[in-house]
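coords-v7.txt (compact mmCIF, C-alpha atoms) appears below.
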# COMPACT_ATOMS: atom_id res chain seq x y z
CA MET A 1393 -11.98 91.67 55.73
CA ARG A 1394 -9.89 88.50 55.38
CA VAL A 1395 -8.34 85.91 57.65
CA THR A 1396 -4.69 86.71 58.43
CA LEU A 1397 -1.86 84.53 59.67
CA ARG A 1398 -1.57 86.73 62.77
CA GLN A 1399 -5.21 86.05 63.62
CA LEU A 1400 -4.66 82.32 63.12
CA GLU A 1401 -1.52 82.37 65.29
CA ALA A 1402 -3.34 84.20 68.08
CA PHE A 1403 -6.23 81.73 67.90
CA TYR A 1404 -3.97 78.66 67.63
CA TRP A 1405 -1.72 79.54 70.57
CA THR A 1406 -4.64 80.62 72.74
CA ALA A 1407 -6.34 77.29 72.07
CA LYS A 1408 -3.15 75.28 72.61
CA LEU A 1409 -1.98 77.11 75.73
CA GLY A 1410 -5.45 77.59 77.22
CA SER A 1411 -5.40 81.33 77.83
CA VAL A 1412 -4.91 84.67 76.13
CA HIS A 1413 -2.28 85.49 78.75
CA ALA A 1414 -0.17 82.44 77.86
CA ALA A 1415 -0.60 83.02 74.11
CA ALA A 1416 0.41 86.66 74.48
CA GLY A 1417 3.55 85.63 76.33
CA HIS A 1418 4.41 83.02 73.72
CA LEU A 1419 3.85 85.41 70.81
CA ASN A 1420 5.42 88.42 72.55
CA PHE A 1421 2.23 90.43 72.05
CA SER A 1422 0.03 92.21 74.54
CA GLN A 1423 -3.07 90.45 75.81
CA PRO A 1424 -5.35 93.07 74.22
CA ALA A 1425 -3.64 92.49 70.84
CA VAL A 1426 -4.21 88.72 71.05
CA SER A 1427 -7.82 89.21 72.14
CA ALA A 1428 -8.41 91.68 69.30
CA ARG A 1429 -7.02 89.26 66.72
CA ILE A 1430 -9.25 86.48 68.00
CA ARG A 1431 -12.29 88.79 67.90
CA GLU A 1432 -11.38 89.83 64.33
CA LEU A 1433 -11.11 86.17 63.32
CA GLU A 1434 -14.47 85.39 64.91
CA ASP A 1435 -16.00 88.36 63.06
CA VAL A 1436 -14.54 87.31 59.70
CA LEU A 1437 -15.71 83.73 60.16
CA ALA A 1438 -19.01 84.76 61.79
CA LEU A 1439 -18.34 82.07 64.44
CA HIS A 1440 -17.74 81.90 68.15
CA LEU A 1441 -14.47 80.00 68.55
CA PHE A 1442 -14.34 80.06 72.35
CA THR A 1443 -16.79 80.12 75.20
CA ARG A 1444 -15.62 82.57 77.80
CA ASN A 1445 -16.18 81.91 81.50
CA LYS A 1446 -14.33 84.35 83.75
CA GLN A 1447 -10.63 83.81 82.93
CA ARG A 1448 -11.13 80.42 81.32
CA LEU A 1449 -11.56 79.82 77.59
CA GLN A 1450 -12.92 76.65 76.03
CA LEU A 1451 -13.14 75.83 72.36
CA THR A 1452 -16.61 75.60 70.90
CA PRO A 1453 -17.31 72.72 68.48
CA GLU A 1454 -16.72 75.22 65.64
CA GLY A 1455 -13.52 76.29 67.38
CA ARG A 1456 -12.26 72.69 67.44
CA GLN A 1457 -12.88 72.42 63.70
CA ALA A 1458 -11.21 75.77 63.10
CA LEU A 1459 -8.20 74.71 65.18
CA ALA A 1460 -7.55 71.73 62.89
CA HIS A 1461 -7.63 74.06 59.87
CA ALA A 1462 -5.46 76.68 61.57
CA GLU A 1463 -2.89 74.01 62.43
CA ARG A 1464 -2.65 72.97 58.78
CA VAL A 1465 -2.48 76.54 57.46
CA LEU A 1466 0.23 77.55 59.94
CA GLY A 1467 2.22 74.42 59.12
CA GLU A 1468 1.99 75.20 55.41
CA ALA A 1469 3.05 78.80 56.05
CA GLN A 1470 6.15 77.54 57.88
CA ASP A 1471 6.94 75.18 55.01
CA PHE A 1472 6.54 78.07 52.57
CA GLU A 1473 8.98 80.23 54.57
CA ARG A 1474 11.54 77.42 54.49
CA LEU A 1475 11.63 77.53 50.67
CA SER A 1476 13.86 80.59 50.73
CA ARG A 1477 16.20 79.09 53.30
CA GLY A 1478 16.75 75.78 51.57
CA GLY A 1479 15.61 73.81 54.58
CA PRO A 1480 15.25 74.22 58.31
CA SER A 1481 17.78 76.45 60.03
CA LEU A 1482 18.40 77.62 63.54
CA GLU A 1483 17.54 81.17 64.47
CA GLY A 1484 18.01 83.19 67.61
CA VAL A 1485 20.67 84.22 70.05
CA MET A 1486 23.68 82.00 70.48
CA ARG A 1487 26.02 82.35 73.41
CA LEU A 1488 29.41 80.66 73.41
CA GLY A 1489 31.69 80.20 76.34
CA ALA A 1490 35.35 79.25 76.13
CA ASP A 1491 38.41 79.58 78.26
CA GLU A 1492 41.11 81.90 76.96
CA SER A 1493 43.35 79.26 75.38
CA THR A 1494 40.46 77.53 73.61
CA ALA A 1495 39.18 80.86 72.36
CA MET A 1496 42.58 81.74 70.94
CA VAL A 1497 43.10 78.36 69.27
CA VAL A 1498 39.71 77.25 67.89
CA LEU A 1499 36.99 79.87 68.41
CA SER A 1500 37.73 81.75 65.18
CA GLU A 1501 37.59 78.45 63.26
CA ILE A 1502 34.21 77.58 64.80
CA LEU A 1503 32.80 81.03 64.04
CA SER A 1504 33.97 80.83 60.40
CA HIS A 1505 31.59 77.89 59.87
CA LEU A 1506 28.51 79.79 61.01
CA SER A 1507 26.22 81.70 58.68
CA TRP A 1508 25.34 85.25 59.75
CA PRO A 1509 22.31 87.17 58.49
CA SER A 1510 23.07 90.16 56.31
CA SER A 1511 22.03 93.47 57.81
Using structure tokens, write down the structure from this file.
Amino acid sequence: MRVTLRQLEAFYWTAKLGSVHAAAGHLNFSQPAVSARIRELEDVLALHLFTRNKQRLQLTPEGRQALAHAERVLGEAQDFERLSRGGPSLEGVMRLGADESTAMVVLSEILSHLSWPSS
């Protein structure tokens, strides 16, 4: 078994946000999925990355070292993804509001300057 980016993301966000619940919300995954990825990562590395006390997680010394590596790997993965886009771009939902006269006069011009993903 190998280390995956999904495992690193689950570990990174759990460490940064302080809980599996918060990481799951941030990643839009279920809590069991985040916990499973962290357990898989711990198994692959043969390390305990967190100490678990009730609902609270704390990084172990090995976990702190692993977090620094995970941060670098995830940063490099983001840089790699940007290669195909020619630089950073905005993604997500965009909502525009305009009164009727503005929409009729300039909205089509504004929309013509935006890049839409191909489906």
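Restricting the calculation to only C-alpha atoms, the smallest distance between Glu1454 of chain A and any of A:Ala1416, A:Leu1439, A:Leu1499, A:Ala1490 is found for A:Leu1439.
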Open item on the list: I want to know what sits within 9 Å of Ala1415 of chain A, based on all atoms listed in the file, with residues of the same chain fewer than 6 positions away left out; could you give that as a ChimeraX atom specification?
Closed with: /A:1401-1409,1421,1423,1426
Open item on the list: To one decimal place in Å, what is the distance between atom CA of His1413 of chain A and atom CA of Gln1450 of chain A?
Closed with: 14.1 Å
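Residue neighbourhood of Glu1432 of chain A, excluding near-sequence residues (fewer than 5 positions): Met1393, Val1395, Gln1399, Ser1427 and Leu1437 of chain A, at 9 Å, using only C-alpha atoms.
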TODO: Counting all atoms listed in the file, note down every residue that has an atom within 7 Å of the point (-7.4, 77.1, 66.0) (file coordinates), as a ChimeraX atom specification.
DONE: /A:1400,1403-1404,1407,1455-1456,1458-1463
Task: Coordinates-based distance that separates atom CA of Val1412 of chain A from atom CA of Leu1449 of chain A (Å, one decimal) - done: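 Distance between the two atoms: 8.4 Å.
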Task: Residue among A:Leu1466, A:Ala1414, A:Leu1503, A:Leu1433 lying closest to Arg1448 of chain A, counting only C-alpha atoms - done: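 For Arg1448 of chain A, the nearest of the given residues is A:Ala1414.
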Task: Among the residues A:Leu1475, A:Met1486, A:Ala1428, A:Thr1494, the one that comes closest to Leu1506 of chain A [using all atoms listed in the file] - done: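 So, comparing all the options, the nearest one is A:Met1486.
Going from atom CA of Ser1411 of chain A over to atom CA of His1440 of chain A, you cover 15.7 Å.
Among A:Gly1484, A:Arg1394, A:Val1497, A:Arg1474, the residue with the shortest atom-to-atom distance to Glu1434 of chain A, counting all atoms listed in the file, is A:Arg1394.
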